[in-house]
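Chemist: Got a structure for you, target_13.cif, holding mmCIF, C-alpha atoms.
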```cif
data_data
#
loop_
_atom_site.label_atom_id
_atom_site.label_comp_id
_atom_site.auth_asym_id
_atom_site.auth_seq_id
_atom_site.Cartn_x
_atom_site.Cartn_y
_atom_site.Cartn_z
CA MET Q 193 11.48 26.66 -38.56
CA LYS Q 194 8.02 28.05 -37.80
CA GLN Q 195 5.08 25.80 -38.61
CA THR Q 196 1.94 26.92 -40.39
CA ILE Q 197 -1.13 27.17 -38.19
CA VAL Q 198 -4.28 25.58 -39.63
CA THR Q 199 -7.19 28.06 -39.54
CA VAL Q 200 -10.92 28.06 -40.20
CA GLU Q 201 -10.40 30.45 -43.11
CA HIS Q 202 -10.50 27.53 -45.58
CA LYS Q 203 -13.39 25.00 -45.44
CA LYS Q 204 -11.05 22.00 -45.87
CA ASP Q 205 -8.91 23.16 -42.94
CA GLU Q 206 -11.95 23.84 -40.76
CA LYS Q 207 -13.21 20.31 -41.51
CA PHE Q 208 -9.80 18.93 -40.41
CA LEU Q 209 -9.87 20.99 -37.18
CA ARG Q 210 -13.32 19.61 -36.39
CA GLU Q 211 -12.24 15.96 -36.55
CA LYS Q 212 -11.38 14.17 -33.30
CA THR Q 213 -7.66 13.38 -33.12
CA ARG Q 214 -6.31 9.85 -32.70
CA GLU Q 215 -4.39 8.65 -29.65
CA PHE Q 216 -0.67 9.38 -29.66
CA ASP Q 217 1.44 6.19 -29.54
CA ILE Q 218 3.25 6.65 -26.21
CA SER Q 219 5.82 3.98 -27.15
CA ARG Q 220 7.29 6.57 -29.54
CA LEU Q 221 8.44 8.53 -26.47
CA LYS Q 222 10.38 5.48 -25.22
CA ASP Q 223 12.26 4.86 -28.51
CA SER Q 224 15.33 7.14 -28.55
CA LYS Q 225 15.21 8.00 -32.28
CA GLN Q 226 11.47 8.68 -32.31
CA ALA Q 227 11.64 10.53 -28.96
CA LYS Q 228 14.26 12.87 -30.43
CA GLU Q 229 11.96 13.60 -33.41
CA VAL Q 230 9.02 14.27 -31.05
CA ARG Q 231 11.17 16.62 -28.90
CA GLU Q 232 12.13 18.55 -32.04
CA LEU Q 233 8.46 18.79 -33.04
CA ILE Q 234 7.58 20.05 -29.54
CA ARG Q 235 10.35 22.67 -29.81
CA LYS Q 236 8.97 23.86 -33.17
CA MET Q 237 5.41 23.95 -31.80
CA ARG Q 238 6.55 26.03 -28.82
CA GLU Q 239 8.37 28.44 -31.13
CA THR Q 240 5.33 28.73 -33.44
CA MET Q 241 3.01 29.31 -30.47
CA LYS Q 242 5.24 32.01 -29.00
CA GLU Q 243 5.74 33.79 -32.35
CA ALA Q 244 1.95 33.92 -32.72
CA ASN Q 245 1.54 35.31 -29.15
CA GLY Q 246 -0.36 32.18 -28.12
CA VAL Q 247 -0.37 30.34 -24.82
CA GLY Q 248 -1.41 26.95 -26.21
CA LEU Q 249 -1.18 25.01 -29.47
CA SER Q 250 -2.61 21.57 -30.20
CA ALA Q 251 -1.13 19.15 -32.74
CA ASN Q 252 -4.12 19.37 -35.07
CA GLN Q 253 -3.61 23.15 -35.28
CA ILE Q 254 -0.41 22.41 -37.21
CA GLY Q 255 -1.90 19.61 -39.30
CA ILE Q 256 -1.07 16.59 -37.12
CA PRO Q 257 -4.19 14.55 -36.24
CA GLU Q 258 -2.74 13.18 -32.99
CA ARG Q 259 -3.69 13.81 -29.39
CA PHE Q 260 -1.12 16.18 -27.85
CA PHE Q 261 -0.60 19.87 -27.20
CA VAL Q 262 1.89 22.40 -25.87
CA ALA Q 263 1.10 25.30 -23.54
CA GLN Q 264 3.03 27.95 -21.69
CA VAL Q 265 1.44 30.05 -18.95
CA PRO Q 266 2.76 31.98 -15.97
CA ASP Q 267 2.73 30.17 -12.63
CA GLY Q 268 1.78 31.77 -9.31
CA GLN Q 269 5.13 33.58 -9.13
CA GLY Q 270 4.91 34.89 -12.70
CA HIS Q 271 7.48 32.42 -14.12
CA GLN Q 272 6.58 30.85 -17.47
CA LYS Q 273 5.74 27.15 -17.06
CA PHE Q 274 5.87 25.01 -20.21
CA TYR Q 275 3.74 21.91 -20.79
CA ALA Q 276 3.82 19.25 -23.52
CA ILE Q 277 1.03 16.78 -22.80
CA PHE Q 278 0.25 13.61 -24.74
CA ASN Q 279 -3.17 11.89 -24.72
CA PRO Q 280 -4.67 14.45 -22.33
CA GLU Q 281 -8.03 13.80 -20.74
CA ILE Q 282 -9.93 16.04 -18.35
CA ILE Q 283 -11.14 13.70 -15.63
CA LYS Q 284 -12.64 16.21 -13.19
CA LYS Q 285 -14.25 19.66 -13.52
CA SER Q 286 -15.34 22.08 -10.82
CA LYS Q 287 -18.95 23.21 -10.63
CA GLU Q 288 -17.65 26.76 -10.49
CA THR Q 289 -17.23 28.40 -13.88
CA GLU Q 290 -15.74 31.63 -15.13
CA THR Q 291 -16.47 33.57 -18.30
CA VAL Q 292 -13.47 35.28 -19.90
CA GLU Q 293 -12.76 36.77 -23.33
CA GLU Q 294 -11.05 34.07 -25.37
CA GLY Q 295 -9.37 33.88 -28.76
CA CYS Q 296 -7.71 31.17 -30.83
CA LEU Q 297 -4.78 30.96 -33.22
CA SER Q 298 -6.95 28.90 -35.60
CA VAL Q 299 -9.76 31.49 -35.58
CA PRO Q 300 -7.83 34.67 -36.45
CA GLU Q 301 -8.99 37.99 -35.02
CA MET Q 302 -12.16 36.52 -33.50
CA TYR Q 303 -12.82 36.75 -29.77
CA GLY Q 304 -15.70 36.15 -27.43
CA PRO Q 305 -16.70 35.63 -23.81
CA THR Q 306 -16.33 31.91 -23.17
CA GLU Q 307 -17.52 30.03 -20.09
CA ARG Q 308 -15.11 27.38 -18.78
CA HIS Q 309 -14.78 25.41 -15.56
CA TYR Q 310 -12.61 27.33 -13.09
CA GLU Q 311 -10.77 24.18 -11.98
CA VAL Q 312 -9.98 20.92 -13.78
CA THR Q 313 -7.90 17.79 -13.26
CA LEU Q 314 -6.09 16.59 -16.37
CA THR Q 315 -4.30 13.29 -16.95
CA GLY Q 316 -1.91 12.37 -19.74
CA TYR Q 317 1.77 11.72 -20.39
CA ASP Q 318 4.79 14.01 -20.41
CA GLN Q 319 7.53 14.09 -23.07
CA ARG Q 320 9.30 11.11 -21.49
CA GLY Q 321 6.16 8.98 -21.57
CA LYS Q 322 5.62 9.31 -17.81
CA LYS Q 323 1.98 9.35 -16.66
CA LEU Q 324 0.94 12.65 -15.13
CA LYS Q 325 -2.02 14.18 -13.32
CA ILE Q 326 -2.34 17.95 -12.99
CA LYS Q 327 -4.86 19.91 -10.98
CA ALA Q 328 -5.22 23.31 -12.64
CA TRP Q 329 -7.27 26.44 -12.00
CA GLY Q 330 -7.70 29.84 -13.56
CA LEU Q 331 -5.83 30.49 -16.82
CA LEU Q 332 -4.10 27.10 -16.86
CA ALA Q 333 -7.44 25.28 -16.47
CA ARG Q 334 -8.86 27.43 -19.29
CA VAL Q 335 -5.92 26.62 -21.58
CA PHE Q 336 -6.19 22.89 -20.82
CA GLN Q 337 -9.93 22.93 -21.64
CA HIS Q 338 -9.34 24.94 -24.83
CA GLU Q 339 -6.60 22.58 -26.10
CA VAL Q 340 -8.43 19.36 -25.18
CA GLY Q 341 -11.43 20.87 -26.96
CA HIS Q 342 -9.29 21.20 -30.11
CA LEU Q 343 -8.18 17.58 -29.85
CA ASP Q 344 -11.84 16.55 -29.58
CA GLY Q 345 -12.67 18.51 -32.75
CA GLY Q 346 -14.15 21.58 -31.06
CA LEU Q 347 -13.47 25.30 -31.32
CA PHE Q 348 -14.05 28.04 -28.76
CA ILE Q 349 -16.50 29.69 -31.19
CA ASP Q 350 -18.82 26.71 -30.62
CA ILE Q 351 -19.28 27.65 -26.95
CA ALA Q 352 -18.57 31.38 -26.84
CA LYS Q 353 -21.59 33.45 -25.79
CA GLU Q 354 -20.98 35.75 -28.74
CA VAL Q 355 -18.11 36.17 -31.18
CA HIS Q 356 -16.76 39.43 -32.50
CA LYS Q 357 -13.95 40.50 -34.77
CA PHE Q 358 -11.18 42.28 -32.97
CA VAL Q 359 -7.76 43.33 -34.12
CA PRO Q 360 -5.62 42.64 -31.05
CA VAL Q 361 -3.30 45.24 -29.59
CA GLU Q 362 0.30 44.18 -29.02
CA ASN Q 363 0.92 41.81 -26.12
CA THR Q 364 -2.56 40.23 -26.30
CA GLN Q 365 -2.30 36.47 -25.78
CA LYS Q 366 -4.36 33.90 -27.65
CA ILE Q 367 -5.00 30.39 -26.36
#
```
Take the structure in the file and give it back as structure tokens.
Modeler:
Amino acid sequence: MKQTIVTVEHKKDEKFLREKTREFDISRLKDSKQAKEVRELIRKMRETMKEANGVGLSANQIGIPERFFVAQVPDGQGHQKFYAIFNPEIIKKSKETETVEEGCLSVPEMYGPTERHYEVTLTGYDQRGKKLKIKAWGLLARVFQHEVGHLDGGLFIDIAKEVHKFVPVENTQKI
């Protein structure tokens, strides 16, 4: 079942999106019953993200004030790589930045050139509660920064150089 995406279209929802999320209790990933529930939630989030033509979706975008997100982006060979990351933190950022047109599932039909670090190192936990460290660049680094921004209570419109309304053509992806 598809989940409803929280958007800035209602003041109460925007206020919720702008609150910093709380840490996810990693012990839930070690308990078999709770881990099964979390896996089902991740599956639903992935489905919701894909149906909305997104490449990332944070928990607070579906009304859960906890620190985790899902993302799916093509790897170097063009294969789709899926991520579900709990308690993510960006621990390193390159000096080099890149400005690219960005959009967001929680800010419908709004886009804008957004400067992000070209390369980042992210730490967190995978779905099994195993610690991970990922060095990412390009689109993946952008998605990680966008989603961690959500979990910290930020939106891309806060850092975009300008924001404009745009009705996307088919196959446009939103972070």
Chemist: List every residue of stretch 274-314 of chain Q that has an atom at most 8 Å from any atom of stretch 198-222 of chain Q, and for each one report the closest atom pair and its distance in Å to one decimal, counting only C-alpha atoms, with rows sorted by chain and then by increasing residue number, as CSV.
Modeler:
```
residue,atom,partner,partner_atom,distance
Q:Phe278,CA,Q:Phe216,CA,6.6
Q:Asn279,CA,Q:Glu215,CA,6.0
Q:Leu297,CA,Q:Thr199,CA,7.4
Q:Ser298,CA,Q:Thr199,CA,4.0
Q:Val299,CA,Q:Thr199,CA,5.8
Q:Pro300,CA,Q:Thr199,CA,7.3
```
Chemist: Where does the PyMOL selection byres ((chain Q and resi 326) around 8) land in this file, that is, which residues does it pick, as a list in words?
Modeler: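 Selection result, ordered by chain and number: Thr313, Leu314, Thr315, Leu324, Lys325, Lys327 and Ala328 of chain Q.
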Chemist: Could you give me, as a list in words, the residues that sit within 12 Å of (-18.4, 27.0, -12.2) in the file's coordinates, counting only C-alpha atoms?
Modeler: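 Here is the list of nearby residues: Lys285, Ser286, Lys287, Glu288, Thr289, Glu290, Thr291, Glu307, Arg308, His309, Tyr310, Glu311, Val312, Trp329, Gly330, Ala333 and Arg334 of chain Q.
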Chemist: What is the distance, in Å and to one decimal place, between atom CA of Q:His342 and atom CA of Q:Lys273?
Modeler: 20.8 Å
Chemist: Check the smallest atom-to-atom distance from each of Q:Arg259, Q:Tyr303, Q:Lys322, Q:His356 to Q:Glu281 using only C-alpha atoms, then report the winner.
Modeler: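 Once distances to Q:Glu281 are computed over only C-alpha atoms, the minimum belongs to Q:Arg259.
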Chemist: Using all atoms listed in the file, pick whichever of Q:Gln319, Q:Val247, Q:Ile351, Q:Ile277 has the shortest atom-to-atom distance to Q:Glu232.
Modeler: Q:Gln319
Chemist: Which of these, Q:Val335, Q:Thr196, Q:Arg238, Q:Leu343, has the shortest distance to Q:Cys296 once you count only C-alpha atoms?
Modeler: Q:Val335
Chemist: Between atom CA of Q:Val262 and atom CA of Q:Gly304, what is the distance, to one decimal in Å?
Modeler: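 Those two atoms sit 22.4 Å apart.
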